[in-house]
Amino acid sequence: MDVPLLEKLQSKFKCSKCGKCCSVGGDMELSLYDVIGIELYLDLSVDESESIFSYETIDSRNVYHVKSQRPCYFLDKLNKTCIVQGSKPDACHKYPFKLYAQGGCNLDAVLTCPVAVKMLEDHLKGVE
Ligand code: SF4
Ligand code: SF4
């Protein structure tokens, strides 16, 4: 998929809030900015933050992850809503098409989303 098509799809994307992507996870990468935003939003202590996030250095970049991903630690399992909606990671804002275009997830992760699958099917059928 070319980038202009992915941008067009993302601009029309409307999340149905089914919670599926947050349930199956996707090993999303978080930045320090994401982590600090969530720490402030939830008023986490250092110990709490360390129990939630892991950290590694990849090619001189500091990359953070949510340790508990399937489902995501921040998914309200009952209501299927994100408990850090007001400060959710950049990757979650960009999912699915923009994140894929930027190399932040693979095609399997995009196809996790039923809305994305429907949009791609419509595109292939020439509906959109
Ligand atoms: S942070 Fe929120 S939006 Fe992102 S995967 Fe977790 S529950 Fe879903
Ligand atoms: S799977 Fe798609 S429609 Fe469902 S919550 Fe995730 S982004 Fe929204």
# chains A, B, ... in the order shown; residues from 1 in each chain; ligands from 1
call {"tool": "select_by_dssp", "arguments": {"residues": "range 20-122 of chain A", "states": "alpha helix (DSSP H)", "output": "number ranges by chain"}}
result
A: 20-24, 32-42, 46-52, 90-94, 97-101, 107-110, 114-122
call {"tool": "residues_near_ligand", "arguments": {"ligand": "ligand 1", "cutoff": "7 Å", "atoms": "only C-alpha atoms and all ligand atoms", "output": "list in words"}}
result
Gly19, Cys21, Cys22, Gly25, Cys72, Tyr73, Phe74, Leu75, Thr81, Cys82, Ile83, Val84, Gln85, Lys88, Pro89 and Cys92 of chain A
call {"tool": "write_last_selection", "arguments": {"atoms": "N, CA and C atoms", "output": "tab-separated table (two decimals), in the first residue's frame"}}
result
chain	number	residue	atom	x	y	z
A	19	GLY	N	-12.61	-2.33	20.79
A	19	GLY	CA	-11.59	-2.75	21.75
A	19	GLY	C	-10.73	-3.93	21.30
A	21	CYS	N	-8.27	-4.23	19.00
A	21	CYS	CA	-6.82	-3.99	18.88
A	21	CYS	C	-6.19	-3.92	20.27
A	22	CYS	N	-6.87	-3.35	21.22
A	22	CYS	CA	-6.34	-3.22	22.58
A	22	CYS	C	-6.36	-4.57	23.30
A	25	GLY	N	-3.35	-6.70	21.50
A	25	GLY	CA	-2.03	-6.08	21.61
A	25	GLY	C	-1.31	-6.02	20.28
A	72	CYS	N	-4.04	-5.09	26.51
A	72	CYS	CA	-3.23	-3.96	26.98
A	72	CYS	C	-3.58	-3.65	28.43
A	73	TYR	N	-2.57	-3.36	29.21
A	73	TYR	CA	-2.76	-3.03	30.63
A	73	TYR	C	-3.78	-1.90	30.80
A	74	PHE	N	-3.85	-1.00	29.85
A	74	PHE	CA	-4.70	0.19	30.00
A	74	PHE	C	-6.12	0.01	29.46
A	75	LEU	N	-6.43	-1.20	29.04
A	75	LEU	CA	-7.79	-1.45	28.57
A	75	LEU	C	-8.69	-1.79	29.75
A	81	THR	N	-12.86	0.11	27.07
A	81	THR	CA	-12.41	1.48	26.83
A	81	THR	C	-10.99	1.65	27.37
A	82	CYS	N	-10.33	2.66	26.85
A	82	CYS	CA	-8.95	2.94	27.25
A	82	CYS	C	-8.96	3.84	28.49
A	83	ILE	N	-8.27	3.42	29.54
A	83	ILE	CA	-8.30	4.22	30.77
A	83	ILE	C	-7.31	5.40	30.69
A	84	VAL	N	-6.52	5.45	29.62
A	84	VAL	CA	-5.63	6.60	29.43
A	84	VAL	C	-6.01	7.36	28.15
A	85	GLN	N	-7.31	7.34	27.85
A	85	GLN	CA	-7.80	7.96	26.62
A	85	GLN	C	-7.30	9.40	26.48
A	88	LYS	N	-3.36	8.92	25.66
A	88	LYS	CA	-2.94	7.63	25.10
A	88	LYS	C	-1.74	7.80	24.16
A	89	PRO	N	-0.97	6.73	24.01
A	89	PRO	CA	0.26	6.82	23.22
A	89	PRO	C	0.03	7.24	21.78
A	92	CYS	N	-1.23	4.66	19.34
A	92	CYS	CA	-2.66	4.36	19.38
A	92	CYS	C	-3.45	5.38	18.57
call {"tool": "residues_near_ligand", "arguments": {"ligand": "ligand 2", "cutoff": "10 Å", "atoms": "only C-alpha atoms and all ligand atoms", "output": "number ranges by chain"}}
result
A: 13-25, 80-82, 92-97, 109-117
call {"tool": "write_last_selection", "arguments": {"atoms": "N, CA and C atoms", "output": "compact mmCIF listing (two decimals), in the first residue's frame"}}
result
# COMPACT_ATOMS: atom_id res chain seq x y z
N PHE A 13 -10.89 7.06 8.50
CA PHE A 13 -11.05 6.00 9.49
C PHE A 13 -11.89 6.46 10.68
N LYS A 14 -12.88 5.65 11.03
CA LYS A 14 -13.70 5.96 12.21
C LYS A 14 -13.73 4.73 13.11
N CYS A 15 -13.04 4.82 14.24
CA CYS A 15 -12.95 3.70 15.18
C CYS A 15 -14.34 3.39 15.74
N SER A 16 -14.68 2.10 15.74
CA SER A 16 -15.99 1.70 16.28
C SER A 16 -15.92 1.42 17.78
N LYS A 17 -14.73 1.58 18.33
CA LYS A 17 -14.49 1.37 19.77
C LYS A 17 -14.82 -0.06 20.21
N CYS A 18 -14.50 -1.02 19.35
CA CYS A 18 -14.78 -2.42 19.69
C CYS A 18 -13.76 -2.96 20.69
N GLY A 19 -12.61 -2.33 20.79
CA GLY A 19 -11.59 -2.75 21.75
C GLY A 19 -10.73 -3.93 21.30
N LYS A 20 -10.92 -4.38 20.07
CA LYS A 20 -10.20 -5.58 19.63
C LYS A 20 -8.69 -5.36 19.58
N CYS A 21 -8.27 -4.23 19.00
CA CYS A 21 -6.82 -3.99 18.88
C CYS A 21 -6.19 -3.92 20.27
N CYS A 22 -6.87 -3.35 21.22
CA CYS A 22 -6.34 -3.22 22.58
C CYS A 22 -6.36 -4.57 23.30
N SER A 23 -7.20 -5.47 22.85
CA SER A 23 -7.31 -6.79 23.49
C SER A 23 -6.20 -7.73 23.03
N VAL A 24 -5.86 -7.66 21.76
CA VAL A 24 -4.85 -8.59 21.26
C VAL A 24 -3.45 -8.00 21.30
N GLY A 25 -3.35 -6.70 21.50
CA GLY A 25 -2.03 -6.08 21.61
C GLY A 25 -1.31 -6.02 20.28
N LYS A 80 -14.38 -2.13 27.67
CA LYS A 80 -13.61 -2.09 26.40
C LYS A 80 -13.20 -0.67 26.05
N THR A 81 -12.86 0.11 27.07
CA THR A 81 -12.41 1.48 26.83
C THR A 81 -10.99 1.65 27.37
N CYS A 82 -10.33 2.66 26.85
CA CYS A 82 -8.95 2.94 27.25
C CYS A 82 -8.96 3.84 28.49
N CYS A 92 -1.23 4.66 19.34
CA CYS A 92 -2.66 4.36 19.38
C CYS A 92 -3.45 5.38 18.57
N HIS A 93 -3.00 6.63 18.58
CA HIS A 93 -3.65 7.67 17.77
C HIS A 93 -3.48 7.39 16.28
N LYS A 94 -2.32 6.84 15.92
CA LYS A 94 -1.99 6.66 14.51
C LYS A 94 -2.47 5.32 13.94
N TYR A 95 -2.85 4.40 14.82
CA TYR A 95 -3.30 3.09 14.36
C TYR A 95 -4.64 3.24 13.64
N PRO A 96 -4.92 2.51 12.54
CA PRO A 96 -4.05 1.50 11.95
C PRO A 96 -3.21 1.99 10.77
N PHE A 97 -3.79 2.81 9.88
CA PHE A 97 -3.12 3.06 8.60
C PHE A 97 -1.89 3.95 8.73
N ALA A 109 -1.19 -6.55 12.09
CA ALA A 109 -1.76 -5.67 13.13
C ALA A 109 -2.87 -4.80 12.55
N VAL A 110 -2.67 -4.33 11.32
CA VAL A 110 -3.73 -3.53 10.66
C VAL A 110 -4.98 -4.38 10.49
N LEU A 111 -4.79 -5.63 10.07
CA LEU A 111 -5.92 -6.50 9.77
C LEU A 111 -6.62 -7.02 11.03
N THR A 112 -6.08 -6.70 12.18
CA THR A 112 -6.77 -6.99 13.45
C THR A 112 -8.05 -6.17 13.57
N CYS A 113 -8.02 -4.99 12.96
CA CYS A 113 -9.12 -4.04 13.11
C CYS A 113 -10.23 -4.33 12.09
N PRO A 114 -11.44 -4.67 12.53
CA PRO A 114 -12.52 -4.96 11.59
C PRO A 114 -12.89 -3.77 10.71
N VAL A 115 -12.78 -2.57 11.24
CA VAL A 115 -13.10 -1.38 10.43
C VAL A 115 -12.07 -1.22 9.31
N ALA A 116 -10.80 -1.44 9.65
CA ALA A 116 -9.74 -1.34 8.63
C ALA A 116 -9.93 -2.41 7.56
N VAL A 117 -10.28 -3.61 7.97
CA VAL A 117 -10.50 -4.70 7.00
C VAL A 117 -11.63 -4.32 6.04
call {"tool": "closest_residue", "arguments": {"among": "A:Asn79, A:Ser87, A:Ser60, A:Ser31", "to": "Asp43 in chain A", "atoms": "only C-alpha atoms"}}
result
A:Ser87
call {"tool": "decode", "arguments": {"residues": "range 27-125 of chain A", "atoms": "C-alpha atoms", "output": "PDB file, in the first residue's frame"}}
result
ATOM      1  CA  ASP A  27       3.830  -4.751  20.941  1.00  0.00           C
ATOM      2  CA  MET A  28       3.509  -1.029  20.248  1.00  0.00           C
ATOM      3  CA  GLU A  29       6.515   1.179  20.801  1.00  0.00           C
ATOM      4  CA  LEU A  30       6.153   4.040  23.255  1.00  0.00           C
ATOM      5  CA  SER A  31       8.327   7.124  23.500  1.00  0.00           C
ATOM      6  CA  LEU A  32       9.490   8.657  26.761  1.00  0.00           C
ATOM      7  CA  TYR A  33       6.967  11.416  26.032  1.00  0.00           C
ATOM      8  CA  ASP A  34       4.166   8.795  25.933  1.00  0.00           C
ATOM      9  CA  VAL A  35       5.334   7.280  29.216  1.00  0.00           C
ATOM     10  CA  ILE A  36       5.602  10.624  31.016  1.00  0.00           C
ATOM     11  CA  GLY A  37       2.161  11.615  29.729  1.00  0.00           C
ATOM     12  CA  ILE A  38       0.595   8.459  31.157  1.00  0.00           C
ATOM     13  CA  GLU A  39       2.518   8.774  34.429  1.00  0.00           C
ATOM     14  CA  LEU A  40       1.117  12.271  34.902  1.00  0.00           C
ATOM     15  CA  TYR A  41      -2.373  11.326  33.728  1.00  0.00           C
ATOM     16  CA  LEU A  42      -2.634   8.428  36.198  1.00  0.00           C
ATOM     17  CA  ASP A  43      -0.424  10.012  38.858  1.00  0.00           C
ATOM     18  CA  LEU A  44       1.816   6.944  38.920  1.00  0.00           C
ATOM     19  CA  SER A  45       4.651   6.499  41.401  1.00  0.00           C
ATOM     20  CA  VAL A  46       8.087   5.492  40.120  1.00  0.00           C
ATOM     21  CA  ASP A  47       7.512   1.934  41.361  1.00  0.00           C
ATOM     22  CA  GLU A  48       4.116   1.735  39.668  1.00  0.00           C
ATOM     23  CA  SER A  49       5.553   3.043  36.426  1.00  0.00           C
ATOM     24  CA  GLU A  50       8.402   0.539  36.512  1.00  0.00           C
ATOM     25  CA  SER A  51       5.929  -2.287  37.056  1.00  0.00           C
ATOM     26  CA  ILE A  52       3.903  -1.213  33.999  1.00  0.00           C
ATOM     27  CA  PHE A  53       6.556  -0.195  31.449  1.00  0.00           C
ATOM     28  CA  SER A  54       9.652  -1.939  30.146  1.00  0.00           C
ATOM     29  CA  TYR A  55      12.527  -0.190  28.467  1.00  0.00           C
ATOM     30  CA  GLU A  56      15.219  -1.064  25.941  1.00  0.00           C
ATOM     31  CA  THR A  57      17.679   0.684  23.671  1.00  0.00           C
ATOM     32  CA  ILE A  58      17.361  -0.120  19.959  1.00  0.00           C
ATOM     33  CA  ASP A  59      19.862   1.461  17.542  1.00  0.00           C
ATOM     34  CA  SER A  60      20.637   4.187  20.098  1.00  0.00           C
ATOM     35  CA  ARG A  61      16.904   4.901  20.514  1.00  0.00           C
ATOM     36  CA  ASN A  62      15.169   4.528  23.865  1.00  0.00           C
ATOM     37  CA  VAL A  63      12.038   2.459  23.328  1.00  0.00           C
ATOM     38  CA  TYR A  64       9.381   1.717  25.918  1.00  0.00           C
ATOM     39  CA  HIS A  65       6.682  -0.934  25.961  1.00  0.00           C
ATOM     40  CA  VAL A  66       3.670  -1.769  28.089  1.00  0.00           C
ATOM     41  CA  LYS A  67       4.673  -5.026  29.783  1.00  0.00           C
ATOM     42  CA  SER A  68       1.154  -6.438  29.892  1.00  0.00           C
ATOM     43  CA  GLN A  69      -0.123  -6.270  26.324  1.00  0.00           C
ATOM     44  CA  ARG A  70      -2.700  -8.995  25.690  1.00  0.00           C
ATOM     45  CA  PRO A  71      -4.934  -7.303  26.600  1.00  0.00           C
ATOM     46  CA  CYS A  72      -3.226  -3.961  26.976  1.00  0.00           C
ATOM     47  CA  TYR A  73      -2.757  -3.030  30.628  1.00  0.00           C
ATOM     48  CA  PHE A  74      -4.697   0.188  30.001  1.00  0.00           C
ATOM     49  CA  LEU A  75      -7.789  -1.451  28.568  1.00  0.00           C
ATOM     50  CA  ASP A  76     -10.826  -1.393  30.842  1.00  0.00           C
ATOM     51  CA  LYS A  77     -11.704  -5.047  30.253  1.00  0.00           C
ATOM     52  CA  LEU A  78     -15.348  -4.597  31.218  1.00  0.00           C
ATOM     53  CA  ASN A  79     -16.219  -1.541  29.166  1.00  0.00           C
ATOM     54  CA  LYS A  80     -13.612  -2.089  26.404  1.00  0.00           C
ATOM     55  CA  THR A  81     -12.406   1.483  26.835  1.00  0.00           C
ATOM     56  CA  CYS A  82      -8.948   2.940  27.252  1.00  0.00           C
ATOM     57  CA  ILE A  83      -8.298   4.224  30.771  1.00  0.00           C
ATOM     58  CA  VAL A  84      -5.633   6.605  29.434  1.00  0.00           C
ATOM     59  CA  GLN A  85      -7.802   7.965  26.621  1.00  0.00           C
ATOM     60  CA  GLY A  86      -6.833  11.528  27.538  1.00  0.00           C
ATOM     61  CA  SER A  87      -3.148  10.704  27.260  1.00  0.00           C
ATOM     62  CA  LYS A  88      -2.936   7.630  25.096  1.00  0.00           C
ATOM     63  CA  PRO A  89       0.264   6.820  23.223  1.00  0.00           C
ATOM     64  CA  ASP A  90       1.003   8.319  19.847  1.00  0.00           C
ATOM     65  CA  ALA A  91       0.954   4.827  18.275  1.00  0.00           C
ATOM     66  CA  CYS A  92      -2.663   4.356  19.380  1.00  0.00           C
ATOM     67  CA  HIS A  93      -3.655   7.670  17.772  1.00  0.00           C
ATOM     68  CA  LYS A  94      -1.992   6.657  14.507  1.00  0.00           C
ATOM     69  CA  TYR A  95      -3.300   3.088  14.363  1.00  0.00           C
ATOM     70  CA  PRO A  96      -4.048   1.499  11.951  1.00  0.00           C
ATOM     71  CA  PHE A  97      -3.119   3.060   8.604  1.00  0.00           C
ATOM     72  CA  LYS A  98      -0.851   5.914   9.649  1.00  0.00           C
ATOM     73  CA  LEU A  99       1.035   3.698  12.092  1.00  0.00           C
ATOM     74  CA  TYR A 100       1.545   1.117   9.359  1.00  0.00           C
ATOM     75  CA  ALA A 101       2.720   3.795   6.905  1.00  0.00           C
ATOM     76  CA  GLN A 102       5.335   4.898   9.435  1.00  0.00           C
ATOM     77  CA  GLY A 103       6.567   1.354  10.057  1.00  0.00           C
ATOM     78  CA  GLY A 104       5.100   1.234  13.564  1.00  0.00           C
ATOM     79  CA  CYS A 105       3.130  -1.965  12.973  1.00  0.00           C
ATOM     80  CA  ASN A 106       2.859  -4.761  10.434  1.00  0.00           C
ATOM     81  CA  LEU A 107      -0.017  -5.641   8.122  1.00  0.00           C
ATOM     82  CA  ASP A 108      -1.264  -8.355  10.485  1.00  0.00           C
ATOM     83  CA  ALA A 109      -1.760  -5.672  13.129  1.00  0.00           C
ATOM     84  CA  VAL A 110      -3.725  -3.527  10.665  1.00  0.00           C
ATOM     85  CA  LEU A 111      -5.923  -6.505   9.768  1.00  0.00           C
ATOM     86  CA  THR A 112      -6.769  -6.993  13.447  1.00  0.00           C
ATOM     87  CA  CYS A 113      -9.121  -4.042  13.111  1.00  0.00           C
ATOM     88  CA  PRO A 114     -12.523  -4.957  11.589  1.00  0.00           C
ATOM     89  CA  VAL A 115     -13.104  -1.380  10.426  1.00  0.00           C
ATOM     90  CA  ALA A 116      -9.742  -1.343   8.632  1.00  0.00           C
ATOM     91  CA  VAL A 117     -10.502  -4.699   7.000  1.00  0.00           C
ATOM     92  CA  LYS A 118     -13.863  -3.411   5.754  1.00  0.00           C
ATOM     93  CA  MET A 119     -12.254  -0.241   4.386  1.00  0.00           C
ATOM     94  CA  LEU A 120      -9.603  -2.254   2.558  1.00  0.00           C
ATOM     95  CA  GLU A 121     -12.245  -4.601   1.152  1.00  0.00           C
ATOM     96  CA  ASP A 122     -14.279  -1.622  -0.051  1.00  0.00           C
ATOM     97  CA  HIS A 123     -11.184  -0.079  -1.585  1.00  0.00           C
ATOM     98  CA  LEU A 124     -10.359  -3.304  -3.445  1.00  0.00           C
ATOM     99  CA  LYS A 125     -13.960  -3.541  -4.675  1.00  0.00           C
TER     100      LYS A 125
END
